[in-house]
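Notes to accompany the following structure.
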Protein chains: 2
Amino acid sequence: MSVKQKPDGIPTAKSLKAIQTEVESSNRIALSVDCVIFGFDENKLKVLLIRSDMKTYQDKWSLLGDLVRPDEDLDASAYRILKQRTGLSDLYLEQVQAFGKVNRHPAGRVVTVAYYSLINVQHHKLKILDNELHWHDVDSVKDLAFDHQEIFNTCYSRLQKRVQEHPAGFSLLPNKFSLRELQNLYEAILGVKLDRRNFRKKFFAMDFLIDLGEIEVNVPHRPGKLYKFNYNKYEKRGKKWVGIDFL
Amino acid sequence: MSVKQKPDGIPTAKSLKAIQTEVESSNRIALSVDCVIFGFDENKLKVLLIRSDMKTYQDKWSLLGDLVRPDEDLDASAYRILKQRTGLSDLYLEQVQAFGKVNRHPAGRVVTVAYYSLINVQHHKLKILDNELHWHDVDSVKDLAFDHQEIFNTCYSRLQKRVQEHPAGFSLLPNKFSLRELQNLYEAILGVKLDRRNFRKKFFAMDFLIDLGEIEVNVPHRPGKLYKFNYNKYEKRGKKWVGIDFL
DNA sequence: GTACTTTGCGTAATAATTACACAATTAAAC
DNA sequence: GTTTAATTGTGTAATTATTACGCAAAGTAC
């Protein structure tokens, strides 16, 4: 941003002072952050929502968000919200985009920046901080408050794309996981059924899984081997990911 | 956004009135839009920049941007900037993401939302509206003002990805183009050399090109056939695009 | 120990991608 | 108008990636 209006309507570069004046007078747009927090539990992809108590959106669910503080980075704002809501730090967090229709919020002009986050539900289960919060199956999410349905849809699509290009999905799993759990995760996120043998073949071909030499416990059938993701090797390898079967 | 602080630091849903108060008092963050305007000329991918006359960034180039007005949608703001700068409407425009580090702008707290746009330089050439504006080869773009280098890099990466998944690139070409021009475009955007026969094969296999029954004029060699992109067919086909050779 | 469930594993068929060369067309130079 | 130079237009074989698919062994539940 570095422009001002010339008489003919075409802006040109301008001085710091002129910009400062503009910046200070531009006080009628508020900025917020909204987070789509994904979790994976019981082989379902879940999203954490809060019940809206605004009259306008009685009984509707909404995303978790807050106004951005003047002295905090945008990303820091998203981390703050996540910390407050889940008690967790060091989460997978990715900005998606801004949503800025004039009338998107009944309280006035509020532009919001959407993020999504992936959390390990095992960790979170211990810290339920607010009983207005509930996990919802992603398939059953509909009719959210404000423009949150659109935001959610956009973030969910982004996640689907992301896990096919990056090893983001592992953030939703326990540190140790079986290949079956990993496949269930991909099937839940992408909404497809994948061939078991081809799925295993593909992951082993990538060679980013470390065999922990342990097996599942408390499963009512033959237990599978447990693995963890080799982030180190992934970083070193120049982040070349082999795509997962189609969406 | 729909939260307030409880005494224990964990926010919960709140009333419209409470939010309005917050929104109105949150007057210390300004919001801008910055546009990365791409063009394609002489087989090079170009970007339109303006010379910054801010002291802090003397002699540096910067993206085209402006503050968002309280009564305009975010997208409308980007279209306004493009219209002012290029004289063109109906441009290809895509939001990329927001950039919101606290100290990214010397004039105060300004969060900016980045867009990129693809324009047909043939159209634009007729309307040079401001002599502070210049087209730059994307390869030579470095050391931009503010955090504009980071914004530019992010937008350029996004474009590279985009043209491999959507028929966005055609917005950079004249309405009628030869396959050679199309290939030059992809090579310029992706920064790779592609095999001519395989490139042609791939595009013909997609079957979205309409042979106009015309040939190039004023080329110092055998002229190629001219084509246009069949957007209609593309829409009807459920937007299935066949990926272009790797990056 | 029998029934049940799930793991772990390999191959053949099909589809997609890559590498690669030569004749025909046009404009430009002479 | 003949030659030169540049570029178009076209096909196939080799390689690689993807898909479809079944059975023996391991462990749990009873």
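The way I read the labels, and the way they are meant: chains A, B, ... in the order of the structure tokens, residue 1 as the first residue of every chain, and ligand 1 as the first ligand shown, with later ones counted on from there.
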
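Taking only C-alpha atoms (C1' of nucleotides), the non-local environment of segment 7-11 of chain D within 7 Å (same-chain residues fewer than 4 positions away omitted) comprises His221, Arg222 and Gly224 of chain B.
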
Could you pull out the strand (DSSP E or B) residues of segment 19-108 of chain B from DSSP and send them as a CSV table (one decimal) with N, CA and C atoms, in the first residue's frame?
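Saved to selection_26.csv:
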chain,number,residue,atom,x,y,z
B,30,ALA,N,-5.1,-0.5,10.1
B,30,ALA,CA,-5.6,-0.1,8.8
B,30,ALA,C,-5.5,-1.3,7.9
B,31,LEU,N,-6.3,-1.3,6.8
B,31,LEU,CA,-6.4,-2.4,5.9
B,31,LEU,C,-6.1,-1.9,4.5
B,32,SER,N,-5.2,-2.6,3.8
B,32,SER,CA,-4.9,-2.2,2.4
B,32,SER,C,-5.0,-3.4,1.5
B,33,VAL,N,-5.0,-3.1,0.3
B,33,VAL,CA,-4.9,-4.2,-0.7
B,33,VAL,C,-3.7,-3.9,-1.6
B,34,ASP,N,-2.9,-4.9,-1.9
B,34,ASP,CA,-1.8,-4.8,-2.8
B,34,ASP,C,-1.9,-5.8,-4.0
B,35,CYS,N,-1.7,-5.3,-5.2
B,35,CYS,CA,-1.9,-6.1,-6.4
B,35,CYS,C,-0.6,-6.4,-7.1
B,36,VAL,N,-0.4,-7.7,-7.4
B,36,VAL,CA,0.7,-8.1,-8.3
B,36,VAL,C,0.1,-8.3,-9.6
B,37,ILE,N,0.4,-7.3,-10.5
B,37,ILE,CA,-0.2,-7.3,-11.9
B,37,ILE,C,0.8,-8.0,-12.8
B,38,PHE,N,0.4,-9.1,-13.4
B,38,PHE,CA,1.3,-9.8,-14.3
B,38,PHE,C,0.9,-9.5,-15.7
B,39,GLY,N,1.9,-9.4,-16.6
B,39,GLY,CA,1.7,-9.3,-18.0
B,39,GLY,C,2.6,-10.2,-18.7
B,40,PHE,N,2.4,-10.5,-20.0
B,40,PHE,CA,3.3,-11.3,-20.8
B,40,PHE,C,3.6,-10.6,-22.1
B,41,ASP,N,4.9,-10.3,-22.3
B,41,ASP,CA,5.3,-9.5,-23.4
B,41,ASP,C,6.7,-10.0,-23.9
B,44,LYS,N,8.3,-12.8,-22.2
B,44,LYS,CA,8.8,-12.7,-20.8
B,44,LYS,C,7.6,-12.5,-20.0
B,45,LEU,N,7.6,-13.0,-18.8
B,45,LEU,CA,6.6,-12.7,-17.8
B,45,LEU,C,7.0,-11.4,-17.1
B,46,LYS,N,6.1,-10.5,-17.0
B,46,LYS,CA,6.4,-9.1,-16.5
B,46,LYS,C,5.5,-8.8,-15.3
B,47,VAL,N,5.9,-7.9,-14.5
B,47,VAL,CA,5.1,-7.4,-13.4
B,47,VAL,C,5.1,-5.9,-13.3
B,48,LEU,N,4.0,-5.3,-13.1
B,48,LEU,CA,3.8,-3.9,-13.1
B,48,LEU,C,4.1,-3.3,-11.7
B,49,LEU,N,5.1,-2.4,-11.6
B,49,LEU,CA,5.5,-1.9,-10.3
B,49,LEU,C,5.5,-0.3,-10.4
B,50,ILE,N,5.5,0.3,-9.3
B,50,ILE,CA,5.5,1.7,-9.2
B,50,ILE,C,6.7,2.1,-8.3
B,51,ARG,N,7.3,3.3,-8.7
B,51,ARG,CA,8.4,3.7,-7.9
B,51,ARG,C,7.9,4.4,-6.6
B,61,TRP,N,11.1,-0.1,-5.8
B,61,TRP,CA,9.9,-0.3,-6.4
B,61,TRP,C,8.9,-1.0,-5.5
B,62,SER,N,7.6,-0.7,-5.7
B,62,SER,CA,6.6,-1.4,-4.9
B,62,SER,C,5.4,-1.8,-5.7
B,64,LEU,N,1.3,-2.2,-6.5
B,64,LEU,CA,0.2,-1.2,-6.5
B,64,LEU,C,-0.8,-1.5,-5.5
B,65,GLY,N,-1.1,-0.5,-4.7
B,65,GLY,CA,-2.1,-0.8,-3.6
B,65,GLY,C,-2.8,0.5,-3.1
B,66,ASP,N,-3.7,0.3,-2.3
B,66,ASP,CA,-4.4,1.4,-1.7
B,66,ASP,C,-5.1,0.9,-0.4
B,67,LEU,N,-5.6,1.8,0.4
B,67,LEU,CA,-6.3,1.4,1.6
B,67,LEU,C,-7.7,1.0,1.1
B,92,TYR,N,-8.6,-10.9,-14.8
B,92,TYR,CA,-8.5,-12.1,-14.0
B,92,TYR,C,-7.9,-11.7,-12.7
B,93,LEU,N,-8.5,-12.0,-11.6
B,93,LEU,CA,-8.1,-11.5,-10.3
B,93,LEU,C,-8.3,-12.6,-9.2
B,94,GLU,N,-7.3,-12.8,-8.4
B,94,GLU,CA,-7.4,-13.8,-7.4
B,94,GLU,C,-6.7,-13.4,-6.1
B,95,GLN,N,-7.4,-13.5,-5.0
B,95,GLN,CA,-6.8,-13.2,-3.8
B,95,GLN,C,-5.8,-14.3,-3.4
B,96,VAL,N,-4.7,-13.9,-2.8
B,96,VAL,CA,-3.7,-14.8,-2.4
B,96,VAL,C,-3.8,-15.0,-0.8
B,97,GLN,N,-3.4,-14.0,-0.1
B,97,GLN,CA,-3.5,-14.1,1.3
B,97,GLN,C,-3.2,-12.7,2.0
B,98,ALA,N,-3.4,-12.7,3.3
B,98,ALA,CA,-3.1,-11.4,4.0
B,98,ALA,C,-1.7,-11.4,4.6
B,99,PHE,N,-1.1,-10.3,4.7
B,99,PHE,CA,0.2,-10.1,5.3
B,99,PHE,C,0.0,-9.1,6.4

Handout entry: Contacts of DA24 of chain D at 12 Å (only C-alpha atoms (C1' of nucleotides); same-chain gap of 2+ positions) as a VMD selection string
Key = (chain C and resid 7 to 9) or (chain D and resid 22 26)

Since we have the selection now, will you write its residues out, keeping C-alpha atoms (C1' of nucleotides), as a short mmCIF file (atom, residue, chain, number, x, y, z; two decimals), in the first residue's frame?
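So out.cif came out as:
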data_model
loop_
_atom_site.label_atom_id
_atom_site.label_comp_id
_atom_site.auth_asym_id
_atom_site.auth_seq_id
_atom_site.Cartn_x
_atom_site.Cartn_y
_atom_site.Cartn_z
"C1'" DT C 7 -2.16 -57.50 8.69
"C1'" DG C 8 1.41 -58.00 5.35
"C1'" DC C 9 2.76 -58.79 0.84
"C1'" DG D 22 -6.20 -62.68 -3.52
"C1'" DA D 26 -0.98 -63.23 13.14
#

Problem - One-decimal distance in Å that lies between atom CA of Tyr115 of chain B and atom CA of Phe146 of chain B - result: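 Distance reported for this atom pair: 16.1 Å.
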
Problem - Residue hits in chain C, query chain B, radius 10 Å, only C-alpha atoms (C1' of nucleotides), as a list of chain:residue names - result: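 Residues satisfying the distance criterion: C:DT17, C:DT18, C:DA19, C:DC20, C:DA24, C:DT25, C:DT26, C:DA27, C:DA28.
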
For segment 226-239 of chain B, list every protein, DNA or RNA residue within 6 Å, evaluated using only C-alpha atoms (C1' of nucleotides), and leave out those in the same chain fewer than 5 positions away; present the list as an mmCIF file with all heavy atoms, in the first residue's frame.
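Dumped everything to selection-v5.cif:
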data_model
loop_
_atom_site.group_PDB
_atom_site.id
_atom_site.type_symbol
_atom_site.label_atom_id
_atom_site.label_comp_id
_atom_site.auth_asym_id
_atom_site.auth_seq_id
_atom_site.Cartn_x
_atom_site.Cartn_y
_atom_site.Cartn_z
ATOM 1 N N LYS B 176 -6.499 -14.472 -29.732
ATOM 2 C CA LYS B 176 -6.039 -15.474 -30.689
ATOM 3 C C LYS B 176 -4.553 -15.693 -30.470
ATOM 4 O O LYS B 176 -3.785 -14.738 -30.442
ATOM 5 C CB LYS B 176 -6.269 -14.976 -32.120
ATOM 6 C CG LYS B 176 -7.705 -14.631 -32.433
ATOM 7 C CD LYS B 176 -7.811 -14.012 -33.827
ATOM 8 C CE LYS B 176 -9.275 -13.680 -34.148
ATOM 9 N NZ LYS B 176 -9.443 -13.213 -35.542
ATOM 10 N N PHE B 177 -4.171 -16.936 -30.338
ATOM 11 C CA PHE B 177 -2.763 -17.209 -30.056
ATOM 12 C C PHE B 177 -2.353 -18.500 -30.767
ATOM 13 O O PHE B 177 -3.185 -19.354 -31.068
ATOM 14 C CB PHE B 177 -2.541 -17.333 -28.555
ATOM 15 C CG PHE B 177 -3.478 -18.302 -27.898
ATOM 16 C CD1 PHE B 177 -3.195 -19.667 -27.884
ATOM 17 C CD2 PHE B 177 -4.674 -17.864 -27.333
ATOM 18 C CE1 PHE B 177 -4.075 -20.558 -27.299
ATOM 19 C CE2 PHE B 177 -5.567 -18.771 -26.755
ATOM 20 C CZ PHE B 177 -5.270 -20.114 -26.743
ATOM 21 N N SER B 178 -1.059 -18.612 -31.006
ATOM 22 C CA SER B 178 -0.531 -19.839 -31.600
ATOM 23 C C SER B 178 -0.077 -20.761 -30.478
ATOM 24 O O SER B 178 0.126 -20.331 -29.338
ATOM 25 C CB SER B 178 0.645 -19.510 -32.505
ATOM 26 O OG SER B 178 1.724 -19.021 -31.724
ATOM 27 N N PHE B 208 -9.669 -28.341 -25.420
ATOM 28 C CA PHE B 208 -10.300 -27.068 -25.074
ATOM 29 C C PHE B 208 -9.886 -25.954 -26.025
ATOM 30 O O PHE B 208 -10.253 -24.797 -25.830
ATOM 31 C CB PHE B 208 -9.935 -26.635 -23.657
ATOM 32 C CG PHE B 208 -10.577 -27.450 -22.585
ATOM 33 C CD1 PHE B 208 -9.817 -27.988 -21.547
ATOM 34 C CD2 PHE B 208 -11.948 -27.686 -22.599
ATOM 35 C CE1 PHE B 208 -10.407 -28.734 -20.554
ATOM 36 C CE2 PHE B 208 -12.545 -28.432 -21.592
ATOM 37 C CZ PHE B 208 -11.770 -28.967 -20.578
ATOM 38 N N LEU B 209 -9.089 -26.287 -27.041
ATOM 39 C CA LEU B 209 -8.629 -25.242 -27.958
ATOM 40 C C LEU B 209 -9.483 -25.260 -29.225
ATOM 41 O O LEU B 209 -9.716 -26.322 -29.802
ATOM 42 C CB LEU B 209 -7.157 -25.449 -28.311
ATOM 43 C CG LEU B 209 -6.167 -25.311 -27.162
ATOM 44 C CD1 LEU B 209 -4.742 -25.504 -27.657
ATOM 45 C CD2 LEU B 209 -6.305 -23.962 -26.464
ATOM 46 N N ILE B 210 -9.937 -24.099 -29.622
ATOM 47 C CA ILE B 210 -10.711 -23.981 -30.854
ATOM 48 C C ILE B 210 -9.788 -23.500 -31.970
ATOM 49 O O ILE B 210 -9.171 -22.439 -31.849
ATOM 50 C CB ILE B 210 -11.857 -22.967 -30.683
ATOM 51 C CG1 ILE B 210 -12.812 -23.437 -29.580
ATOM 52 C CG2 ILE B 210 -12.614 -22.786 -31.996
ATOM 53 C CD1 ILE B 210 -13.867 -22.407 -29.221
ATOM 54 N N ASP B 211 -9.717 -24.282 -33.013
ATOM 55 C CA ASP B 211 -8.933 -23.896 -34.188
ATOM 56 C C ASP B 211 -9.717 -22.829 -34.940
ATOM 57 O O ASP B 211 -10.821 -23.065 -35.413
ATOM 58 C CB ASP B 211 -8.716 -25.130 -35.073
ATOM 59 C CG ASP B 211 -7.814 -24.829 -36.263
ATOM 60 O OD1 ASP B 211 -7.716 -23.651 -36.664
ATOM 61 O OD2 ASP B 211 -7.211 -25.779 -36.790
ATOM 62 N N LEU B 212 -9.142 -21.642 -35.030
ATOM 63 C CA LEU B 212 -9.879 -20.521 -35.633
ATOM 64 C C LEU B 212 -9.794 -20.502 -37.157
ATOM 65 O O LEU B 212 -10.385 -19.633 -37.803
ATOM 66 C CB LEU B 212 -9.335 -19.199 -35.070
ATOM 67 C CG LEU B 212 -9.623 -19.006 -33.581
ATOM 68 C CD1 LEU B 212 -8.810 -17.847 -33.027
ATOM 69 C CD2 LEU B 212 -11.117 -18.759 -33.347
ATOM 70 N N GLU B 214 -7.370 -19.631 -38.822
ATOM 71 C CA GLU B 214 -6.532 -18.499 -39.228
ATOM 72 C C GLU B 214 -5.081 -18.832 -38.911
ATOM 73 O O GLU B 214 -4.802 -19.744 -38.146
ATOM 74 C CB GLU B 214 -6.929 -17.235 -38.458
ATOM 75 C CG GLU B 214 -8.372 -16.804 -38.671
ATOM 76 C CD GLU B 214 -8.736 -15.626 -37.760
ATOM 77 O OE1 GLU B 214 -8.002 -14.626 -37.761
ATOM 78 O OE2 GLU B 214 -9.742 -15.731 -37.031
ATOM 79 N N ILE B 215 -4.180 -18.061 -39.500
ATOM 80 C CA ILE B 215 -2.775 -18.264 -39.183
ATOM 81 C C ILE B 215 -2.124 -16.940 -38.767
ATOM 82 O O ILE B 215 -2.657 -15.865 -39.017
ATOM 83 C CB ILE B 215 -1.991 -18.868 -40.366
ATOM 84 C CG1 ILE B 215 -2.144 -17.983 -41.600
ATOM 85 C CG2 ILE B 215 -2.429 -20.292 -40.654
ATOM 86 C CD1 ILE B 215 -1.231 -18.371 -42.727
#

Handout entry: Selection near DC30 of chain D, 12 Å with only C-alpha atoms (C1' of nucleotides), sequence-local residues under 6 positions removed, as a list in words
Key =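 The filter keeps DG1, DT2, DA3 and DC4 of chain C.
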
Practice task
Apply DSSP to the structure's backbone, then extract all residues of segment 11-200 of chain A labelled helix (DSSP H, G or I) and return them as a ChimeraX atom specification.
Solution key: /A:16-25,55-57,74-86,121-125,138-140,148-165,169-172,179-190,196-200

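If you look at atom CA of Ala107 of chain B and atom CA of Glu150 of chain B, they are 18.6 Å away from each other.
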
Handout entry: Point-to-point distance from atom CA of Ile81 of chain A to atom CA of His166 of chain A, Å rounded to tenths
Key =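 For atom CA of Ile81 of chain A relative to atom CA of His166 of chain A, the distance reads 24.6 Å.
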
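Selected on chain D by distance to chain A: DA17, DT18, DT19, DA20, DC21, DG22, DA25, DA26, DG27, DT28 and DA29 of chain D (within 12 Å, counting only C-alpha atoms (C1' of nucleotides)).
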